[in-house]
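Below: work-v7.pdb (PDB, C-alpha atoms)
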```pdb
ATOM      1  CA  MET H 100    -126.417 -82.779 -63.412  1.00  0.00           C
ATOM      2  CA  PRO H 101    -127.208 -79.826 -65.763  1.00  0.00           C
ATOM      3  CA  SER H 102    -130.749 -78.505 -65.838  1.00  0.00           C
ATOM      4  CA  ASP H 103    -132.735 -79.233 -69.005  1.00  0.00           C
ATOM      5  CA  ASP H 104    -133.863 -75.597 -69.243  1.00  0.00           C
ATOM      6  CA  ARG H 105    -130.348 -74.168 -69.690  1.00  0.00           C
ATOM      7  CA  PRO H 106    -129.808 -72.677 -73.154  1.00  0.00           C
ATOM      8  CA  ALA H 107    -127.649 -74.704 -75.517  1.00  0.00           C
ATOM      9  CA  PRO H 108    -124.880 -72.943 -77.410  1.00  0.00           C
ATOM     10  CA  THR H 109    -125.556 -71.915 -80.996  1.00  0.00           C
ATOM     11  CA  THR H 110    -122.859 -73.061 -83.399  1.00  0.00           C
ATOM     12  CA  GLY H 111    -122.260 -71.485 -86.780  1.00  0.00           C
ATOM     13  CA  ARG H 112    -119.939 -70.228 -89.489  1.00  0.00           C
ATOM     14  CA  ASN H 113    -119.676 -66.901 -91.228  1.00  0.00           C
ATOM     15  CA  VAL H 114    -117.656 -65.029 -93.838  1.00  0.00           C
ATOM     16  CA  GLU H 115    -116.520 -61.592 -92.772  1.00  0.00           C
ATOM     17  CA  LEU H 116    -114.444 -58.648 -93.911  1.00  0.00           C
ATOM     18  CA  LYS H 117    -113.302 -55.706 -91.772  1.00  0.00           C
ATOM     19  CA  ALA H 118    -111.927 -52.427 -93.171  1.00  0.00           C
ATOM     20  CA  ARG H 119    -111.054 -48.956 -91.988  1.00  0.00           C
ATOM     21  CA  CYS H 120    -113.705 -46.448 -93.012  1.00  0.00           C
ATOM     22  CA  GLY H 121    -112.731 -42.801 -93.433  1.00  0.00           C
ATOM     23  CA  ASP H 122    -116.241 -41.637 -94.412  1.00  0.00           C
ATOM     24  CA  VAL H 123    -119.015 -43.477 -92.582  1.00  0.00           C
ATOM     25  CA  GLU H 124    -121.749 -41.232 -94.024  1.00  0.00           C
ATOM     26  CA  GLU H 125    -120.659 -42.030 -97.608  1.00  0.00           C
ATOM     27  CA  THR H 126    -120.450 -45.747 -96.805  1.00  0.00           C
ATOM     28  CA  GLU H 127    -123.953 -45.606 -95.310  1.00  0.00           C
ATOM     29  CA  ARG H 128    -125.233 -43.743 -98.386  1.00  0.00           C
ATOM     30  CA  ARG H 129    -123.749 -46.394-100.693  1.00  0.00           C
ATOM     31  CA  ALA H 130    -125.179 -49.212 -98.566  1.00  0.00           C
ATOM     32  CA  LEU H 131    -128.665 -47.674 -98.677  1.00  0.00           C
ATOM     33  CA  ALA H 132    -128.363 -47.118-102.463  1.00  0.00           C
ATOM     34  CA  ALA H 133    -127.456 -50.831-102.802  1.00  0.00           C
ATOM     35  CA  GLY H 134    -130.683 -51.803-101.031  1.00  0.00           C
ATOM     36  CA  ALA H 135    -129.460 -52.215 -97.458  1.00  0.00           C
ATOM     37  CA  VAL H 136    -132.050 -51.733 -94.715  1.00  0.00           C
ATOM     38  CA  PRO H 137    -131.084 -49.992 -91.455  1.00  0.00           C
ATOM     39  CA  THR H 138    -132.135 -52.061 -88.448  1.00  0.00           C
ATOM     40  CA  ALA H 139    -130.566 -50.868 -85.192  1.00  0.00           C
ATOM     41  CA  VAL H 140    -127.791 -49.045 -83.382  1.00  0.00           C
ATOM     42  CA  LEU H 141    -125.851 -51.335 -81.046  1.00  0.00           C
ATOM     43  CA  HIS H 142    -123.696 -50.268 -78.121  1.00  0.00           C
ATOM     44  CA  GLN H 143    -121.330 -53.158 -77.448  1.00  0.00           C
ATOM     45  CA  ARG H 144    -118.789 -53.993 -74.782  1.00  0.00           C
ATOM     46  CA  ASP H 145    -116.632 -57.000 -75.730  1.00  0.00           C
ATOM     47  CA  THR H 146    -114.411 -58.330 -72.938  1.00  0.00           C
ATOM     48  CA  TYR H 147    -111.750 -60.733 -74.270  1.00  0.00           C
ATOM     49  CA  PHE H 148    -110.241 -63.447 -72.100  1.00  0.00           C
ATOM     50  CA  ALA H 149    -106.963 -65.389 -72.392  1.00  0.00           C
ATOM     51  CA  ALA H 150    -108.487 -68.552 -73.836  1.00  0.00           C
ATOM     52  CA  PRO H 151    -106.214 -71.600 -74.266  1.00  0.00           C
ATOM     53  CA  HIS H 152    -107.287 -71.858 -77.937  1.00  0.00           C
ATOM     54  CA  GLY H 153    -109.357 -69.664 -80.243  1.00  0.00           C
ATOM     55  CA  ARG H 154    -110.815 -66.407 -79.007  1.00  0.00           C
ATOM     56  CA  LEU H 155    -113.251 -65.986 -76.147  1.00  0.00           C
ATOM     57  CA  LYS H 156    -115.255 -62.851 -75.438  1.00  0.00           C
ATOM     58  CA  LEU H 157    -118.230 -61.766 -73.400  1.00  0.00           C
ATOM     59  CA  ARG H 158    -120.409 -59.423 -75.466  1.00  0.00           C
ATOM     60  CA  GLU H 159    -122.757 -57.101 -73.618  1.00  0.00           C
ATOM     61  CA  GLU H 160    -125.064 -55.240 -75.969  1.00  0.00           C
ATOM     62  CA  ARG H 161    -127.623 -52.477 -75.732  1.00  0.00           C
ATOM     63  CA  ARG H 162    -129.794 -52.274 -78.871  1.00  0.00           C
ATOM     64  CA  GLU H 163    -131.790 -49.229 -79.851  1.00  0.00           C
ATOM     65  CA  PRO H 164    -133.761 -48.394 -82.998  1.00  0.00           C
ATOM     66  CA  TRP H 165    -132.018 -46.822 -85.991  1.00  0.00           C
ATOM     67  CA  PRO H 166    -132.611 -43.049 -85.779  1.00  0.00           C
ATOM     68  CA  GLY H 167    -136.017 -42.259 -87.246  1.00  0.00           C
ATOM     69  CA  TYR H 168    -137.248 -45.872 -87.089  1.00  0.00           C
ATOM     70  CA  ALA H 169    -139.502 -47.600 -84.568  1.00  0.00           C
ATOM     71  CA  GLY H 170    -138.154 -50.479 -82.560  1.00  0.00           C
ATOM     72  CA  GLU H 171    -137.414 -51.931 -79.174  1.00  0.00           C
ATOM     73  CA  HIS H 172    -134.638 -51.135 -76.737  1.00  0.00           C
ATOM     74  CA  ASP H 173    -132.980 -54.358 -75.693  1.00  0.00           C
ATOM     75  CA  LEU H 174    -130.168 -55.493 -73.387  1.00  0.00           C
ATOM     76  CA  THR H 175    -128.462 -58.820 -74.048  1.00  0.00           C
ATOM     77  CA  ALA H 176    -125.246 -60.644 -73.244  1.00  0.00           C
ATOM     78  CA  GLU H 177    -123.608 -63.713 -74.731  1.00  0.00           C
ATOM     79  CA  LEU H 178    -120.381 -65.630 -74.467  1.00  0.00           C
ATOM     80  CA  VAL H 179    -118.714 -66.016 -77.862  1.00  0.00           C
ATOM     81  CA  HIS H 180    -115.953 -68.483 -78.701  1.00  0.00           C
ATOM     82  CA  TYR H 181    -114.575 -68.365 -82.231  1.00  0.00           C
ATOM     83  CA  GLU H 182    -111.745 -69.507 -84.466  1.00  0.00           C
ATOM     84  CA  ARG H 183    -110.556 -67.176 -87.244  1.00  0.00           C
ATOM     85  CA  THR H 184    -107.313 -66.532 -89.082  1.00  0.00           C
ATOM     86  CA  ASP H 185    -105.737 -63.067 -89.214  1.00  0.00           C
ATOM     87  CA  GLU H 186    -105.721 -62.298 -92.939  1.00  0.00           C
ATOM     88  CA  ALA H 187    -106.436 -59.038 -94.783  1.00  0.00           C
ATOM     89  CA  THR H 188    -109.257 -60.588 -96.836  1.00  0.00           C
ATOM     90  CA  ALA H 189    -112.774 -61.916 -96.452  1.00  0.00           C
ATOM     91  CA  ARG H 190    -112.347 -64.974 -94.244  1.00  0.00           C
ATOM     92  CA  GLY H 191    -114.360 -67.708 -92.638  1.00  0.00           C
ATOM     93  CA  SER H 192    -114.939 -67.995 -88.935  1.00  0.00           C
ATOM     94  CA  ALA H 193    -116.428 -70.809 -86.834  1.00  0.00           C
ATOM     95  CA  TYR H 194    -118.191 -69.748 -83.647  1.00  0.00           C
ATOM     96  CA  ASP H 195    -120.231 -70.824 -80.638  1.00  0.00           C
ATOM     97  CA  LEU H 196    -122.677 -68.447 -78.918  1.00  0.00           C
ATOM     98  CA  LEU H 197    -124.087 -68.942 -75.434  1.00  0.00           C
ATOM     99  CA  PRO H 198    -126.669 -66.538 -73.952  1.00  0.00           C
ATOM    100  CA  VAL H 199    -125.662 -65.120 -70.556  1.00  0.00           C
ATOM    101  CA  ASP H 200    -128.143 -63.961 -67.906  1.00  0.00           C
ATOM    102  CA  ASP H 201    -125.612 -62.530 -65.426  1.00  0.00           C
ATOM    103  CA  PRO H 202    -122.744 -60.924 -67.394  1.00  0.00           C
ATOM    104  CA  ALA H 203    -121.105 -59.313 -64.345  1.00  0.00           C
ATOM    105  CA  THR H 204    -120.663 -62.695 -62.637  1.00  0.00           C
ATOM    106  CA  VAL H 205    -119.467 -64.374 -65.843  1.00  0.00           C
ATOM    107  CA  ARG H 206    -116.968 -61.541 -66.497  1.00  0.00           C
ATOM    108  CA  ALA H 207    -115.607 -61.693 -62.924  1.00  0.00           C
ATOM    109  CA  THR H 208    -115.350 -65.503 -62.965  1.00  0.00           C
ATOM    110  CA  LEU H 209    -113.568 -65.649 -66.340  1.00  0.00           C
ATOM    111  CA  ASP H 210    -111.282 -62.784 -65.358  1.00  0.00           C
ATOM    112  CA  GLU H 211    -110.296 -64.708 -62.208  1.00  0.00           C
ATOM    113  CA  ARG H 212    -109.786 -68.017 -64.089  1.00  0.00           C
ATOM    114  CA  LEU H 213    -108.337 -66.826 -67.420  1.00  0.00           C
ATOM    115  CA  GLY H 214    -107.582 -63.117 -67.172  1.00  0.00           C
ATOM    116  CA  VAL H 215    -108.883 -60.268 -69.325  1.00  0.00           C
ATOM    117  CA  THR H 216    -106.673 -59.440 -72.304  1.00  0.00           C
ATOM    118  CA  VAL H 217    -108.516 -56.412 -73.709  1.00  0.00           C
ATOM    119  CA  GLU H 218    -111.881 -54.695 -73.706  1.00  0.00           C
ATOM    120  CA  VAL H 219    -113.443 -53.306 -76.903  1.00  0.00           C
ATOM    121  CA  LEU H 220    -116.127 -50.616 -76.674  1.00  0.00           C
ATOM    122  CA  LYS H 221    -117.978 -49.671 -79.834  1.00  0.00           C
ATOM    123  CA  THR H 222    -121.118 -48.164 -81.285  1.00  0.00           C
ATOM    124  CA  ARG H 223    -122.345 -50.136 -84.290  1.00  0.00           C
ATOM    125  CA  GLY H 224    -124.868 -49.101 -86.924  1.00  0.00           C
ATOM    126  CA  LEU H 225    -126.427 -52.310 -88.269  1.00  0.00           C
ATOM    127  CA  LEU H 226    -127.821 -52.577 -91.799  1.00  0.00           C
ATOM    128  CA  LEU H 227    -128.887 -55.720 -93.678  1.00  0.00           C
ATOM    129  CA  ARG H 228    -128.639 -56.544 -97.391  1.00  0.00           C
ATOM    130  CA  GLN H 229    -129.446 -59.970 -98.852  1.00  0.00           C
ATOM    131  CA  GLY H 230    -128.596 -61.701 -95.573  1.00  0.00           C
ATOM    132  CA  VAL H 231    -125.318 -59.790 -95.136  1.00  0.00           C
ATOM    133  CA  ARG H 232    -124.872 -57.700 -92.015  1.00  0.00           C
ATOM    134  CA  ILE H 233    -123.214 -54.334 -92.631  1.00  0.00           C
ATOM    135  CA  HIS H 234    -121.650 -52.950 -89.465  1.00  0.00           C
ATOM    136  CA  LEU H 235    -120.702 -49.274 -89.364  1.00  0.00           C
ATOM    137  CA  ASP H 236    -118.478 -49.260 -86.287  1.00  0.00           C
ATOM    138  CA  ASP H 237    -117.048 -46.451 -84.176  1.00  0.00           C
ATOM    139  CA  VAL H 238    -114.514 -48.175 -81.917  1.00  0.00           C
ATOM    140  CA  ASP H 239    -113.102 -46.410 -78.844  1.00  0.00           C
ATOM    141  CA  GLY H 240    -109.367 -45.882 -79.325  1.00  0.00           C
ATOM    142  CA  LEU H 241    -109.335 -47.036 -82.972  1.00  0.00           C
ATOM    143  CA  GLY H 242    -111.747 -44.945 -85.064  1.00  0.00           C
ATOM    144  CA  THR H 243    -114.313 -45.935 -87.673  1.00  0.00           C
ATOM    145  CA  PHE H 244    -114.651 -49.181 -89.605  1.00  0.00           C
ATOM    146  CA  VAL H 245    -117.033 -51.068 -91.848  1.00  0.00           C
ATOM    147  CA  GLU H 246    -117.492 -54.794 -91.322  1.00  0.00           C
ATOM    148  CA  LEU H 247    -119.379 -57.159 -93.624  1.00  0.00           C
ATOM    149  CA  GLU H 248    -120.650 -60.434 -92.181  1.00  0.00           C
ATOM    150  CA  ALA H 249    -122.595 -63.172 -93.982  1.00  0.00           C
ATOM    151  CA  VAL H 250    -123.790 -66.057 -91.804  1.00  0.00           C
ATOM    152  CA  VAL H 251    -123.505 -69.400 -93.579  1.00  0.00           C
ATOM    153  CA  GLY H 252    -126.983 -70.922 -93.792  1.00  0.00           C
ATOM    154  CA  PRO H 253    -129.304 -67.904 -93.765  1.00  0.00           C
ATOM    155  CA  ALA H 254    -127.158 -66.036 -96.341  1.00  0.00           C
ATOM    156  CA  GLY H 255    -126.308 -69.163 -98.380  1.00  0.00           C
ATOM    157  CA  ASP H 256    -123.456 -71.658 -98.391  1.00  0.00           C
ATOM    158  CA  GLU H 257    -119.897 -70.492 -97.755  1.00  0.00           C
ATOM    159  CA  GLU H 258    -119.243 -69.810-101.442  1.00  0.00           C
ATOM    160  CA  GLU H 259    -122.447 -67.762-101.787  1.00  0.00           C
ATOM    161  CA  CYS H 260    -121.593 -65.835 -98.618  1.00  0.00           C
ATOM    162  CA  ALA H 261    -118.118 -65.019 -99.930  1.00  0.00           C
ATOM    163  CA  ALA H 262    -119.634 -63.836-103.241  1.00  0.00           C
ATOM    164  CA  LYS H 263    -122.163 -61.599-101.432  1.00  0.00           C
ATOM    165  CA  VAL H 264    -119.420 -60.083 -99.278  1.00  0.00           C
ATOM    166  CA  ALA H 265    -117.242 -59.487-102.379  1.00  0.00           C
ATOM    167  CA  GLU H 266    -120.131 -57.826-104.239  1.00  0.00           C
ATOM    168  CA  LEU H 267    -120.957 -55.589-101.284  1.00  0.00           C
ATOM    169  CA  ARG H 268    -117.290 -54.707-100.831  1.00  0.00           C
ATOM    170  CA  GLU H 269    -117.241 -53.448-104.415  1.00  0.00           C
ATOM    171  CA  LEU H 270    -120.521 -51.534-104.043  1.00  0.00           C
ATOM    172  CA  LEU H 271    -119.224 -49.820-100.895  1.00  0.00           C
ATOM    173  CA  GLY H 272    -115.873 -48.967-102.516  1.00  0.00           C
ATOM    174  CA  ILE H 273    -113.726 -50.740 -99.915  1.00  0.00           C
ATOM    175  CA  GLU H 274    -110.066 -50.489-100.997  1.00  0.00           C
ATOM    176  CA  ASP H 275    -107.452 -53.226-100.457  1.00  0.00           C
ATOM    177  CA  ALA H 276    -105.354 -50.864 -98.317  1.00  0.00           C
ATOM    178  CA  ASP H 277    -108.224 -50.432 -95.854  1.00  0.00           C
ATOM    179  CA  VAL H 278    -108.918 -54.144 -95.280  1.00  0.00           C
ATOM    180  CA  GLN H 279    -107.772 -55.294 -91.829  1.00  0.00           C
ATOM    181  CA  ALA H 280    -106.174 -58.632 -90.992  1.00  0.00           C
ATOM    182  CA  GLN H 281    -106.878 -58.349 -87.268  1.00  0.00           C
ATOM    183  CA  GLY H 282    -110.032 -57.814 -85.280  1.00  0.00           C
ATOM    184  CA  TYR H 283    -110.536 -54.874 -82.932  1.00  0.00           C
ATOM    185  CA  ALA H 284    -109.048 -56.732 -79.952  1.00  0.00           C
ATOM    186  CA  GLY H 285    -105.844 -57.418 -81.900  1.00  0.00           C
ATOM    187  CA  LEU H 286    -105.643 -53.837 -83.168  1.00  0.00           C
ATOM    188  CA  LEU H 287    -106.117 -52.426 -79.663  1.00  0.00           C
ATOM    189  CA  THR H 288    -103.549 -54.809 -78.204  1.00  0.00           C
ATOM    190  CA  ARG H 289    -101.059 -53.871 -80.939  1.00  0.00           C
ATOM    191  CA  ASN H 290    -101.609 -50.160 -80.267  1.00  0.00           C
TER     192      ASN H 290
END
```
Written as structure tokens, how would this file's structure read?
Amino acid sequence: MPSDDRPAPTTGRNVELKARCGDVEETERRALAAGAVPTAVLHQRDTYFAAPHGRLKLREERREPWPGYAGEHDLTAELVHYERTDEATARGSAYDLLPVDDPATVRATLDERLGVTVEVLKTRGLLLRQGVRIHLDDVDGLGTFVELEAVVGPAGDEEECAAKVAELRELLGIEDADVQAQGYAGLLTRN
């Protein structure tokens, strides 16, 4: 019988947009001019597994303060299952998050049971504007990207989230040709 003190998964929805970013400094400048607040630099390792449906990854993350700002260093890990279409537009995603205390054991167990499909390593600058997360990503093997993510609930309903992402896309000057249909795992697998 499961213990009552085990963490329950967090379930949610978001609206997100991912695009190639040729000039991260200019995108950061535009984000700051639009009122975004820098919060942290994240070093993430996402290990994707061959899930029978949806996408399943183990995210291991080391958080440090944005350069020049005070903050805590933090290590976390979580198992993320999500459903999302591959379209070159802002799109909705449904997800479940489960905190993980022992990522090495979880990674080894899921690798044995399901198999690892790809591993994504990235450094992510995280800024926030009106409940929208702005990710300035440098992805090993792929280059630089900007990702906009509005979580339904804290950032508004799905329609409000889509409107905030669209407004921020315009403010950051994200062109149609740069918008990506696939996530980093799909892009790495394709390469």
Determine, counting only C-alpha atoms, which protein, DNA and RNA residues have an atom within 7 Å of an atom of Val219 in chain H; residues of the same chain fewer than 5 positions away are not included. Present the result as a VMD selection string.
chain H and resid 144 to 146 283 to 284
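The shortest atom-to-atom distance to Leu286 in chain H, with all atoms listed in the file taken into account, belongs to H:Leu241 out of H:Glu257, H:Ala203, H:Leu157, H:Leu241.
Compared by their closest atoms to Thr175 in chain H, and using all atoms listed in the file, the residues H:Arg223, H:His152, H:Arg190, H:His142 rank with H:His142 nearest.
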Show me, as a PyMOL selection string, the residues that have an atom within 8 Å of range 179-183 of chain H when counting all atoms listed in the file, minus same-chain residues fewer than 3 positions from it.
chain H and resi 153-158+190-197
Dump as a PDB file, keeping the file's coordinate frame, selection limited to C-alpha atoms:
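The resulting file, result-v1.pdb, is shown below:
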```pdb
ATOM      1  CA  GLY H 153    -109.357 -69.664 -80.243  1.00  0.00           C
ATOM      2  CA  ARG H 154    -110.815 -66.407 -79.007  1.00  0.00           C
ATOM      3  CA  LEU H 155    -113.251 -65.986 -76.147  1.00  0.00           C
ATOM      4  CA  LYS H 156    -115.255 -62.851 -75.438  1.00  0.00           C
ATOM      5  CA  LEU H 157    -118.230 -61.766 -73.400  1.00  0.00           C
ATOM      6  CA  ARG H 158    -120.409 -59.423 -75.466  1.00  0.00           C
ATOM      7  CA  ARG H 190    -112.347 -64.974 -94.244  1.00  0.00           C
ATOM      8  CA  GLY H 191    -114.360 -67.708 -92.638  1.00  0.00           C
ATOM      9  CA  SER H 192    -114.939 -67.995 -88.935  1.00  0.00           C
ATOM     10  CA  ALA H 193    -116.428 -70.809 -86.834  1.00  0.00           C
ATOM     11  CA  TYR H 194    -118.191 -69.748 -83.647  1.00  0.00           C
ATOM     12  CA  ASP H 195    -120.231 -70.824 -80.638  1.00  0.00           C
ATOM     13  CA  LEU H 196    -122.677 -68.447 -78.918  1.00  0.00           C
ATOM     14  CA  LEU H 197    -124.087 -68.942 -75.434  1.00  0.00           C
TER      15      LEU H 197
END
```
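Our summary of the geometry notes that CA of Thr188 in chain H is positioned 25.6 Å from CA of Val140 in chain H.
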Go through the shown structure with the PyMOL selection byres ((chain H and resi 138) around 10) and write out the matching residues as an NGL selection string.
:H and (135-137 or 139-141 or 162-166 or 168-170 or 224-227 or 232)
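Here CA of Thr208 in chain H is placed at a distance of 13.2 Å from CA of Ala150 in chain H.
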Ground truth for the PyMOL selection byres ((chain H and resi 239) around 6), written as a count of residues only
5
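Every protein or nucleic acid residue with an atom no more than 12 Å from Thr288 in chain H, counting only C-alpha atoms and leaving out same-chain residues fewer than 6 positions away, appears here: Tyr147, Val215, Thr216, Val217, Glu218, Val219, Gly240, Leu241, Gln281 and Gly282 of chain H.
You will find CA of Glu259 in chain H at 10.9 Å from CA of Gln229 in chain H.
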Let me know the residues the PyMOL selection byres ((chain H and resi 114) around 7) catches in the file above, as number ranges by chain.
H: 113, 115, 189-192, 248-250, 260-261
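For the choices H:Lys263, H:Leu270, H:Ala149, H:Ala107, the atom-to-atom distance to Glu211 in chain H is smallest for H:Ala149 when using all atoms listed in the file.
Among H:Glu124, H:Asp201, H:Glu160, H:Glu246, the residue with the shortest atom-to-atom distance to His234 in chain H, counting all atoms listed in the file, is H:Glu246.
Nearest-residue note for Arg128 in chain H: choosing from H:Gly255, H:Pro106, H:Gly214, H:Gly272, the minimum distance belongs to H:Gly272, counting all atoms listed in the file.
Those residues that approach Val123 in chain H to within 9 Å, counting all atoms listed in the file, are Arg128, Leu235, Asp236, Thr243, Phe244 and Val245 of chain H; same-chain residues fewer than 5 positions away are not listed.
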In the coordinate frame of the file, compute which residues have an atom within 8 Å of (-103.3, -64.7, -90.2) when using all atoms listed in the file, and state them as a PyMOL selection string.
chain H and resi 184-187+280-281
How big is the axis-aligned box around the listed atoms of range 160-175 of chain H once 4 Å is added on each side, and where is its centre? Give both in Å to one decimal, as AutoDock Vina command-line options.
```
--center_x -132.3 --center_y -50.5 --center_z -80.3 --size_x 22.4 --size_y 24.6 --size_z 21.9
```
List the neighbours of Arg129 in chain H out to 8 Å using only C-alpha atoms; skip same-chain residues closer than 4 positions along the sequence, and give me the result as a VMD selection string.
chain H and resid 125 133 270 to 271
